[in-house]
>>> print(open('structure.cif').read())   # mmCIF, C-alpha atoms
data_my_file
loop_
_atom_site.label_atom_id
_atom_site.label_comp_id
_atom_site.auth_asym_id
_atom_site.auth_seq_id
_atom_site.Cartn_x
_atom_site.Cartn_y
_atom_site.Cartn_z
CA MET C 202 -30.36 89.43 150.89
CA VAL C 203 -28.88 86.43 152.63
CA VAL C 204 -28.84 83.32 150.47
CA MET C 205 -28.63 79.90 152.04
CA SER C 206 -30.26 76.50 151.91
CA ARG C 207 -33.93 76.35 152.82
CA PRO C 208 -35.33 74.19 155.63
CA GLU C 209 -36.52 71.71 152.96
CA VAL C 210 -33.00 70.29 153.07
CA ARG C 211 -33.58 68.46 156.32
CA LYS C 212 -36.92 66.90 155.30
CA LEU C 213 -35.52 64.91 152.41
CA LYS C 214 -34.47 61.79 154.25
CA PRO C 215 -36.58 59.81 156.72
CA ALA C 216 -35.42 59.62 160.34
CA SER C 217 -32.80 56.94 160.69
CA GLY C 218 -31.16 55.11 163.54
CA PRO C 219 -27.56 54.64 164.61
CA GLY C 220 -25.22 53.23 162.02
CA GLU C 221 -27.60 53.78 159.15
CA GLU C 222 -26.10 57.01 157.89
CA PRO C 223 -22.60 56.80 156.53
CA GLU C 224 -19.78 58.95 157.83
CA ALA C 225 -20.10 61.62 155.12
CA ASP C 226 -23.68 62.27 156.11
CA GLN C 227 -22.80 62.71 159.77
CA ALA C 228 -20.19 65.29 158.82
CA ALA C 229 -22.73 67.07 156.61
CA LEU C 230 -25.27 67.02 159.44
CA LEU C 231 -22.75 68.50 161.81
CA ILE C 232 -21.98 71.26 159.33
CA LEU C 233 -25.68 72.02 159.10
CA VAL C 234 -25.90 71.97 162.89
CA ALA C 235 -23.17 74.62 163.00
CA ARG C 236 -25.54 76.80 160.99
CA GLY C 237 -28.27 76.42 163.60
CA ASP C 238 -30.21 73.65 161.84
CA HIS C 239 -32.33 72.01 164.56
CA GLY C 240 -33.63 69.31 162.24
CA ALA C 241 -30.09 68.26 161.42
CA PHE C 242 -29.27 68.17 165.11
CA GLU C 243 -32.24 65.92 165.81
CA ARG C 244 -31.03 63.47 163.18
CA LEU C 245 -27.50 63.61 164.52
CA TYR C 246 -28.81 63.09 168.05
CA ARG C 247 -30.42 59.81 166.95
CA GLN C 248 -27.05 58.65 165.60
CA LEU C 249 -24.87 59.73 168.48
CA ALA C 250 -26.92 59.68 171.70
CA GLY C 251 -26.51 55.91 172.12
CA PRO C 252 -22.72 55.88 171.75
CA VAL C 253 -22.36 59.05 173.85
CA TYR C 254 -24.50 57.69 176.67
CA GLY C 255 -22.89 54.26 176.41
CA VAL C 256 -19.29 55.40 176.56
CA VAL C 257 -20.03 57.82 179.41
CA ARG C 258 -21.75 55.02 181.25
CA GLN C 259 -18.77 52.70 180.77
CA VAL C 260 -16.60 55.22 182.58
CA LEU C 261 -19.00 56.63 185.17
CA ARG C 262 -21.12 53.51 185.82
CA ASP C 263 -23.82 55.43 187.70
CA PRO C 264 -26.89 55.78 185.40
CA ALA C 265 -28.10 59.12 186.77
CA GLN C 266 -24.68 60.73 186.58
CA SER C 267 -24.15 59.23 183.13
CA GLU C 268 -27.40 60.70 181.88
CA GLU C 269 -26.42 64.12 183.23
CA VAL C 270 -23.01 64.04 181.58
CA ALA C 271 -24.37 62.63 178.30
CA GLN C 272 -26.87 65.48 178.14
CA GLU C 273 -24.08 68.00 178.70
CA VAL C 274 -22.03 66.39 175.96
CA LEU C 275 -24.84 66.43 173.39
CA LEU C 276 -25.56 70.06 174.18
CA GLU C 277 -21.85 70.77 173.78
CA VAL C 278 -22.04 69.13 170.34
CA TRP C 279 -24.78 71.64 169.47
CA ARG C 280 -22.96 74.58 171.02
CA THR C 281 -19.54 73.98 169.47
CA ALA C 282 -20.49 72.35 166.14
CA SER C 283 -18.68 75.11 164.25
CA ARG C 284 -15.42 73.87 165.77
CA PHE C 285 -15.73 70.51 164.02
CA ASP C 286 -13.09 70.22 161.30
CA PRO C 287 -13.98 67.43 158.88
CA ASP C 288 -10.42 67.26 157.59
CA ARG C 289 -9.19 66.18 161.00
CA GLY C 290 -11.53 63.30 161.67
CA SER C 291 -15.08 61.99 161.54
CA ALA C 292 -18.06 63.62 163.18
CA ALA C 293 -18.48 60.57 165.41
CA SER C 294 -14.92 60.75 166.67
CA TRP C 295 -15.26 64.48 167.30
CA ALA C 296 -18.39 64.00 169.38
CA LEU C 297 -17.24 60.86 171.16
CA THR C 298 -13.91 62.45 172.05
CA ILE C 299 -15.87 65.19 173.82
CA ALA C 300 -17.94 62.50 175.54
CA HIS C 301 -15.06 60.33 176.66
CA ARG C 302 -13.00 63.27 177.88
CA ARG C 303 -15.84 64.76 179.85
CA ALA C 304 -16.54 61.45 181.56
CA VAL C 305 -12.86 60.93 182.37
CA ASP C 306 -12.46 64.49 183.65
CA ARG C 307 -15.48 63.96 185.90
CA VAL C 308 -13.95 60.79 187.32
CA ARG C 309 -10.54 62.38 187.82
CA SER C 310 -11.98 65.33 189.71
CA GLU C 311 -13.91 62.95 191.95
CA ASN C 312 -10.76 60.93 192.54
CA ALA C 313 -9.08 64.04 193.87
CA SER C 314 -11.49 64.07 196.82
CA THR C 315 -12.31 60.42 197.40
CA ALA C 316 -10.27 57.27 197.10
CA ARG C 317 -11.36 55.22 194.15
CA GLU C 318 -11.54 51.45 194.54
CA ALA C 319 -9.57 49.42 192.10
CA LYS C 320 -12.01 47.73 189.76
CA ALA C 321 -11.47 44.87 187.41
CA ALA C 322 -11.26 45.92 183.77
CA PRO C 323 -14.86 46.38 182.62
CA ASP C 324 -16.12 43.70 180.29
CA ILE C 325 -18.23 45.36 177.65
CA MET C 326 -20.21 42.19 177.00
CA THR C 327 -21.42 41.57 180.55
CA GLU C 328 -22.17 45.25 181.11
CA HIS C 329 -24.91 44.96 178.53
CA ASP C 330 -26.65 41.78 179.67
CA ASN C 331 -29.32 43.79 181.45
CA VAL C 332 -29.39 46.87 179.28
CA SER C 333 -31.29 47.45 176.04
CA GLU C 334 -29.18 47.97 172.96
CA ALA C 335 -29.45 48.79 169.29
CA VAL C 336 -28.73 46.05 166.74
CA GLU C 337 -26.04 48.07 165.03
CA ALA C 338 -24.24 48.59 168.33
CA SER C 339 -24.29 44.84 168.84
CA LEU C 340 -22.53 44.23 165.51
CA GLU C 341 -19.94 46.86 166.31
CA ARG C 342 -19.52 45.31 169.75
CA GLN C 343 -18.89 41.87 168.24
CA ARG C 344 -16.29 43.34 165.91
CA VAL C 345 -14.51 45.14 168.72
CA THR C 346 -14.64 42.09 171.01
CA ARG C 347 -13.20 39.90 168.27
CA CYS C 348 -10.37 42.36 167.62
CA LEU C 349 -9.70 42.80 171.34
CA GLU C 350 -9.25 39.02 171.54
CA GLY C 351 -6.43 39.34 169.02
CA LEU C 352 -4.38 41.48 171.39
CA THR C 353 -2.03 40.23 174.08
CA GLU C 354 -3.62 40.13 177.51
CA LEU C 355 -1.55 43.09 178.64
CA GLN C 356 -2.52 45.18 175.60
CA ARG C 357 -6.18 44.30 176.03
CA GLU C 358 -6.31 45.00 179.75
CA ALA C 359 -4.39 48.27 179.35
CA ILE C 360 -6.84 49.49 176.71
CA LYS C 361 -9.92 48.39 178.62
CA LEU C 362 -8.73 49.93 181.87
CA SER C 363 -7.75 53.21 180.25
CA TYR C 364 -10.53 53.64 177.71
CA TYR C 365 -13.50 51.94 179.35
CA GLY C 366 -12.29 52.30 182.91
CA GLY C 367 -11.14 55.91 182.60
CA TYR C 368 -7.89 55.27 184.48
CA SER C 369 -4.76 57.34 183.93
CA TYR C 370 -1.75 55.44 182.61
CA PRO C 371 0.04 55.50 186.01
CA GLN C 372 -3.11 53.99 187.56
CA VAL C 373 -3.19 51.35 184.82
CA GLY C 374 0.45 50.60 185.63
CA GLN C 375 -0.43 50.12 189.29
CA LEU C 376 -3.45 47.93 188.54
CA LEU C 377 -1.52 45.71 186.13
CA GLY C 378 1.75 45.78 188.06
CA VAL C 379 3.84 47.04 185.15
CA ALA C 380 6.18 50.00 184.59
CA LEU C 381 4.96 53.31 183.15
CA GLY C 382 6.87 52.88 179.92
CA THR C 383 5.35 49.43 179.44
CA VAL C 384 1.84 50.82 179.90
CA LYS C 385 2.39 53.50 177.29
CA THR C 386 3.72 51.13 174.65
CA ARG C 387 1.08 48.45 175.36
CA ILE C 388 -1.75 50.97 174.92
CA ARG C 389 -0.27 52.27 171.69
CA ASP C 390 0.59 48.85 170.26
CA GLY C 391 -2.82 47.53 171.22
CA LEU C 392 -4.60 50.43 169.51
CA ILE C 393 -2.51 50.01 166.38
CA ARG C 394 -3.46 46.33 166.21
CA MET C 395 -7.12 47.21 166.83
CA ARG C 396 -6.93 49.83 164.10
CA ASP C 397 -5.58 47.31 161.61
CA CYS C 398 -7.90 44.53 162.74
CA MET C 399 -10.99 46.69 162.29
CA GLY C 400 -9.73 48.24 159.07
CA VAL C 401 -9.94 51.83 160.21
CA ALA C 402 -9.32 53.93 157.12
CA TRP C 403 -7.48 56.93 158.59
CA MET A 120 5.32 57.70 172.46
CA LEU A 121 2.24 59.16 174.08
CA SER A 122 -0.16 58.99 171.16
CA GLY A 123 -1.94 55.91 172.51
CA CYS A 124 -2.38 57.31 176.01
CA TYR A 125 -3.49 60.61 174.54
CA VAL A 126 -6.20 59.02 172.45
CA VAL A 127 -7.67 57.00 175.34
CA ASP A 128 -7.49 60.05 177.63
CA ALA A 129 -5.03 58.36 179.96
CA LEU A 130 -2.82 61.45 180.26
CA SER A 131 -3.12 64.09 182.97
CA GLN A 132 -4.46 67.51 181.99
CA ALA A 133 -0.95 68.93 181.89
CA GLU A 134 0.41 66.03 179.82
CA ARG A 135 -2.54 66.32 177.44
CA ALA A 136 -1.94 70.04 176.92
CA GLU A 137 1.76 69.46 176.33
CA PHE A 138 1.08 66.66 173.87
CA GLU A 139 -1.38 68.83 171.94
CA ARG A 140 1.28 71.53 171.66
CA HIS A 141 3.66 68.88 170.35
CA LEU A 142 1.08 67.74 167.78
CA THR A 143 0.98 71.15 166.15
CA ASN A 144 4.65 70.66 165.21
CA CYS A 145 4.50 67.01 164.24
CA PRO A 146 2.33 66.16 161.22
CA ALA A 147 3.35 62.51 161.40
CA CYS A 148 2.14 62.35 165.00
CA GLU A 149 -1.06 64.11 163.96
CA ASP A 150 -1.64 61.42 161.33
CA GLU A 151 -1.10 58.62 163.80
CA VAL A 152 -3.37 60.27 166.35
CA ARG A 153 -6.11 60.59 163.79
CA GLY A 154 -6.09 56.88 163.02
CA LEU A 155 -5.88 55.86 166.66
CA ARG A 156 -8.64 58.28 167.59
CA GLU A 157 -10.94 56.75 164.99
CA THR A 158 -10.06 53.38 166.51
CA ALA A 159 -10.96 54.60 169.97
CA THR A 160 -14.21 55.89 168.49
CA ARG A 161 -15.05 52.32 167.47
CA LEU A 162 -14.57 51.32 171.10
CA ALA A 163 -17.13 53.96 172.01
CA LEU A 164 -19.54 52.87 169.28
CA ALA A 165 -19.29 49.31 170.56
CA ALA A 166 -20.36 50.51 173.99
CA ALA A 167 -23.49 52.24 172.71
CA VAL A 168 -26.52 52.00 174.99
CA GLU A 169 -30.00 53.32 174.28
CA PRO A 170 -30.30 56.38 176.52
CA PRO A 171 -33.38 57.12 178.63
CA PRO A 172 -36.05 58.25 176.13
CA ALA A 173 -36.82 61.45 178.06
CA MET A 174 -33.29 62.67 177.42
CA GLU A 175 -34.00 63.45 173.79
CA GLN A 176 -36.67 66.06 174.38
CA ARG A 177 -34.63 67.67 177.15
CA VAL A 178 -31.58 68.00 174.92
CA LEU A 179 -33.53 69.20 171.88
CA ALA A 180 -35.41 71.75 174.00
CA ALA A 181 -32.16 72.97 175.52
CA THR A 182 -30.70 73.69 172.08
CA TYR A 183 -33.34 76.36 171.61
CA HIS A 184 -31.93 78.17 174.63
CA THR A 185 -28.28 77.65 173.81
CA ARG A 186 -26.14 79.98 171.71
CA GLN A 187 -23.70 78.37 169.36
CA LEU A 188 -20.06 79.34 168.97
CA PRO A 189 -19.19 81.17 165.77
CA PRO A 190 -16.50 79.52 163.66
CA LEU A 191 -12.81 80.32 163.99
CA PRO A 192 -11.16 80.75 160.61
CA SER A 193 -7.77 79.04 160.54
CA HIS A 194 -4.68 80.30 158.74
CA ALA A 195 -4.62 77.34 156.38
CA ARG A 196 -8.28 77.74 155.59
CA ARG A 197 -7.89 81.42 154.86
CA ALA A 198 -5.11 80.70 152.38
CA ARG A 199 -7.15 77.97 150.71
CA VAL A 200 -10.26 80.11 150.52
CA ALA A 201 -8.23 83.01 149.14
CA ARG A 202 -6.71 80.76 146.48
CA TRP A 203 -10.12 79.41 145.60
CA PHE A 204 -11.69 82.83 145.20
CA SER A 205 -8.80 84.15 143.15
CA GLY A 206 -8.06 80.99 141.22
CA GLN A 207 -11.46 80.40 139.69
CA THR A 208 -10.95 82.28 136.46
CA PRO A 209 -13.30 80.99 133.77
CA ALA A 210 -12.63 81.05 130.06
CA THR A 211 -14.34 84.41 129.73
CA GLY A 212 -11.65 85.94 131.97
CA GLY A 213 -12.23 88.84 134.27
CA ARG A 214 -12.34 88.81 138.02
CA ARG A 215 -15.07 89.65 140.44
CA PRO A 216 -14.46 93.08 141.96
CA LEU A 217 -14.57 91.48 145.42
CA VAL A 218 -11.53 89.35 144.69
CA THR A 219 -9.22 92.16 143.72
CA ARG A 220 -9.62 93.64 147.20
CA LEU A 221 -8.81 90.33 148.89
CA ALA A 222 -6.13 90.71 151.54
CA VAL A 223 -4.72 88.17 153.94
CA GLY A 224 -6.43 88.54 157.27
CA VAL A 225 -9.40 87.20 159.13
CA ALA A 226 -11.51 90.31 158.66
CA ALA A 227 -10.85 90.44 154.94
CA VAL A 228 -11.93 86.86 154.37
CA ALA A 229 -14.99 87.36 156.52
CA VAL A 230 -15.88 90.41 154.45
CA VAL A 231 -15.42 88.55 151.18
CA VAL A 232 -17.55 85.66 152.31
CA ALA A 233 -20.07 88.00 153.89
CA ALA A 234 -20.24 90.08 150.74
CA GLY A 235 -20.67 86.89 148.79
CA LEU A 236 -23.64 86.09 150.97
CA GLY A 237 -25.21 89.47 150.35
CA ILE A 238 -24.70 90.90 153.82
CA THR A 239 -25.10 94.65 154.19
CA GLU A 240 -24.80 97.06 157.12
CA ALA A 241 -28.50 96.61 157.65
CA THR A 242 -28.11 92.94 158.51
CA THR A 243 -28.76 92.09 162.13
CA GLN A 244 -26.11 90.46 164.34
CA HIS A 245 -28.19 87.27 164.38
CA GLN A 246 -28.26 87.12 160.60
CA LEU A 247 -24.54 87.87 160.53
CA ASN A 248 -23.79 85.01 162.92
CA ASN A 249 -25.88 82.70 160.78
CA ALA A 250 -24.14 83.95 157.68
CA ARG A 251 -20.72 83.49 159.20
CA ALA A 252 -21.67 79.97 160.19
CA SER A 253 -23.04 79.50 156.67
CA GLY A 254 -19.88 81.05 155.25
CA SER A 255 -17.91 78.54 157.20
CA ALA A 256 -19.94 75.67 155.73
CA ILE A 257 -19.35 77.07 152.24
CA THR A 258 -15.66 77.34 153.04
CA ARG A 259 -15.50 73.75 154.22
CA ILE A 260 -17.17 72.47 151.10
CA VAL A 261 -15.02 74.40 148.69
CA THR A 262 -11.87 73.42 150.56
CA ALA A 263 -12.87 69.77 151.05
CA THR A 264 -10.27 67.31 149.87
CA ASP A 265 -12.77 65.75 147.46
CA ALA A 266 -14.17 69.06 146.15
CA ARG A 267 -14.72 69.02 142.39
CA THR A 268 -15.36 72.11 140.33
CA GLU A 269 -17.37 72.41 137.16
CA HIS A 270 -17.94 75.53 135.08
CA MET A 271 -20.67 75.98 132.55
CA PRO A 272 -21.71 78.94 130.44
CA ALA A 273 -25.25 80.18 131.06
CA THR A 274 -27.75 80.95 128.32
CA GLY A 275 -27.63 84.70 127.83
CA GLY A 276 -24.07 85.05 129.09
CA GLY A 277 -21.87 84.50 132.08
CA THR A 278 -20.55 81.37 133.72
CA VAL A 279 -21.87 79.30 136.58
CA THR A 280 -19.45 77.42 138.82
CA VAL A 281 -20.49 74.51 140.99
CA VAL A 282 -18.12 73.09 143.59
CA MET A 283 -19.36 69.71 144.73
CA SER A 284 -18.18 67.62 147.64
CA ALA A 285 -19.47 64.07 147.72
CA ARG A 286 -18.21 63.82 151.28
CA TYR A 287 -20.66 66.47 152.43
CA ARG A 288 -23.28 65.70 149.75
CA ALA A 289 -23.37 69.45 149.19
CA ALA A 290 -22.49 71.93 146.49
CA VAL A 291 -21.64 75.63 146.39
CA VAL A 292 -23.02 77.51 143.41
CA THR A 293 -21.60 80.83 142.23
CA SER A 294 -21.83 82.82 139.04
CA ARG A 295 -19.78 85.34 137.12
CA ASP A 296 -20.82 87.91 134.54
CA MET A 297 -24.41 86.76 134.23
CA PRO A 298 -26.68 89.45 132.81
CA ALA A 299 -27.97 91.84 135.44
CA LEU A 300 -31.69 91.50 136.07
CA SER A 301 -34.22 94.21 136.80
CA ASP A 302 -35.36 94.66 140.40
CA ALA A 303 -38.45 92.63 139.55
CA ARG A 304 -36.50 89.46 138.78
CA VAL A 305 -33.96 87.24 140.43
CA TYR A 306 -31.79 84.18 139.71
CA GLN A 307 -32.98 81.19 141.70
CA VAL A 308 -31.00 78.02 142.26
CA TRP A 309 -32.62 74.58 142.28
CA VAL A 310 -31.58 71.03 142.94
CA MET A 311 -33.39 68.92 140.39
CA SER A 312 -33.82 65.21 140.85
CA GLY A 313 -36.22 62.46 139.96
CA SER A 314 -38.60 63.72 142.62
CA GLY A 315 -38.73 67.28 141.27
CA ALA A 316 -37.08 70.64 141.83
CA ARG A 317 -36.13 71.93 145.27
CA SER A 318 -35.13 75.55 145.76
CA VAL A 319 -31.84 76.10 147.59
CA GLY A 320 -31.70 79.87 147.38
CA LEU A 321 -31.47 83.04 145.37
CA LEU A 322 -28.21 83.89 143.65
CA ASP A 323 -27.08 87.46 144.08
CA ARG A 324 -24.47 89.07 141.87
CA GLY A 325 -21.12 87.94 143.28
CA GLY A 326 -22.90 85.71 145.77
CA SER A 327 -22.85 82.01 146.59
CA VAL A 328 -25.60 79.55 147.32
CA LEU A 329 -25.07 76.44 149.40
CA ALA A 330 -27.04 73.43 148.21
CA GLY A 331 -27.28 70.63 150.75
CA SER A 332 -28.35 66.99 150.48
CA VAL A 333 -27.23 66.85 146.86
CA MET A 334 -26.69 63.41 145.36
CA ALA A 335 -24.96 62.13 142.26
CA GLY A 336 -27.51 62.15 139.47
CA ASP A 337 -29.09 65.38 140.70
CA LYS A 338 -28.76 68.51 138.60
CA ILE A 339 -28.18 72.07 139.68
CA GLY A 340 -30.39 74.44 137.72
CA ILE A 341 -30.71 78.22 137.71
CA THR A 342 -33.84 79.97 136.51
CA VAL A 343 -34.99 83.56 136.32
CA GLU A 344 -37.95 84.10 138.64
CA PRO A 345 -39.92 87.02 140.06
CA ALA A 346 -38.14 88.87 142.88
CA GLY A 347 -38.47 86.92 146.13
CA GLY A 348 -38.34 83.60 144.31
CA THR A 349 -40.94 80.93 143.69
CA SER A 350 -41.71 77.50 145.06
CA GLN A 351 -41.23 75.81 141.70
CA PRO A 352 -39.37 76.90 138.56
CA THR A 353 -41.55 78.89 136.18
CA THR A 354 -39.01 79.40 133.41
CA THR A 355 -36.57 77.28 131.46
CA PRO A 356 -33.23 77.10 133.27
CA VAL A 357 -30.46 79.36 131.98
CA VAL A 358 -28.06 76.63 133.03
CA THR A 359 -28.39 73.01 134.08
CA MET A 360 -25.42 71.15 135.47
CA PRO A 361 -25.43 67.49 136.37
CA VAL A 362 -23.81 66.69 139.69
CA SER A 363 -21.01 64.22 139.30
CA ALA A 364 -20.38 61.49 141.87
#
>>> encode(input="structure.cif", output="structure tokens")
Amino acid sequence: MVVMSRPEVRKLKPASGPGEEPEADQAALLILVARGDHGAFERLYRQLAGPVYGVVRQVLRDPAQSEEVAQEVLLEVWRTASRFDPDRGSAASWALTIAHRRAVDRVRSENASTAREAKAAPDIMTEHDNVSEAVEASLERQRVTRCLEGLTELQREAIKLSYYGGYSYPQVGQLLGVALGTVKTRIRDGLIRMRDCMGVAW
Amino acid sequence: MLSGCYVVDALSQAERAEFERHLTNCPACEDEVRGLRETATRLALAAAVEPPPAMEQRVLAATYHTRQLPPLPSHARRARVARWFSGQTPATGGRRPLVTRLAVGVAAVAVVVAAGLGITEATTQHQLNNARASGSAITRIVTATDARTEHMPATGGGTVTVVMSARYRAAVVTSRDMPALSDARVYQVWVMSGSGARSVGLLDRGGSVLAGSVMAGDKIGITVEPAGGTSQPTTTPVVTMPVSA
């Protein structure tokens, strides 16, 4: 006889929104998802769908395309949950890495066929003037904006262009008019300062 | 250093693949990448936008039509799991017969975990996939960096071991040398809290039960129940173990 947790496990806590469940619970949910637990996936969806859709939308801009890619990403979270290794990072970073990569890969493959216009580095505050948002995301956004302000302009622009804009580092170099080596070190230095500013534990 | 570009996905596919190969040989780089990746994750969280409401039902519905990947055991995990299974020798001594046959190798570990979950030849492939996924969850909990182990003797003989990970809010319960029961009775594992007792499974000889959503202050209890188990305990527990934080 196979012994494993009963479905009661997923009924214990009420449905919660983004940011309300701490990191350990997201990892536990993802482990349950790997075992085929649909209830756990629903709870995880409510945590991650907003950030997945949001980061994809930052890169792709187009709402319809963003929705399509976000759906693919969330289904990939379901499909490959067993690949999540909690010792290597949080559940959120695992899922959002999938999301960001998929959005960037989509942009890069489009770039191969059409010329992409140079765009100014996206401003995450103005992007959201007309879009609904969760309160928790707003707090996180304030924190990130504040820490971005603490970077040099070059560090900040390099990070925004690469992460939010989805540009490769040579493209960032072209847009900012700096050498490849400079781009690499600015992105890394900027991320290190962001990490320390936001008190990221890892 | 490419760690920053890697983490923001600013490398080409080829550069990314090469950097990932490099990471496998550079633990210091791996550490830095982990921290920077969590930082990039904050950038993503800050960009969160409520998705179109219809998306939820589409995604949830799609999961019912989508197979999941089975887990890949890693070399490090195998070694840790092997050490765990062989290292848990309680005061009473003696080893489970399963452990003495433990050999290094993916198949061997899968067999040990599968045997621990009570899988037989009669089990369907679907059940086996679920069990392997479940085995993987058990493995993760027992090999978690914050895993804590407690042993306690059971009334009537034998020892119960609970490995608890606060990180996962889950525990793995196993037993050794508990008296064999007739076919009419079974050991059932409960999580007991202020709101009552919740069954988390039946404990086979040499088997493991995974208890999820366990919190500090809860207790793990094992009772003897009629075969097939019950919805609430009907006997006094043979062992009760408080779950530490």
>>> closest_residue(input="structure.cif", among="A:Ile339, A:Val357, A:Val362, A:Leu164", to="Arg317 in chain A", atoms="only C-alpha atoms")
A:Ile339
>>> atom_distance(input="structure.cif", atom1="CA of Val373 in chain C", atom2="CA of Ala292 in chain C")
29.0 Å
>>> closest_residue(input="structure.cif", among="A:Asp150, A:Glu269, A:Glu134, A:Glu139", to="chain C", atoms="all atoms listed in the file")
A:Asp150
>>> closest_residue(input="structure.cif", among="A:Ala263, A:Cys148, A:Val126, A:Ala163", to="Asp288 in chain C", atoms="all atoms listed in the file")
A:Ala263
>>> resolve_selection(input="structure.cif", expression="the PyMOL selection byres ((chain A) within 6 of (chain C))", output="number ranges by chain")
A: 123, 127, 129-130, 154, 157-158, 160, 163-170, 187-188, 190, 236-237, 249, 252-253, 286-287, 319-321, 328-330
>>> atom_distance(input="structure.cif", atom1="CA of Val358 in chain A", atom2="CA of Ser284 in chain A")
19.8 Å
>>> closest_residue(input="structure.cif", among="A:Cys124, A:Ala256, A:Val292, A:Ala136", to="Pro189 in chain A", atoms="all atoms listed in the file")
A:Ala256
>>> atom_distance(input="structure.cif", atom1="CA of Leu376 in chain C", atom2="CA of Glu137 in chain A")
25.3 Å
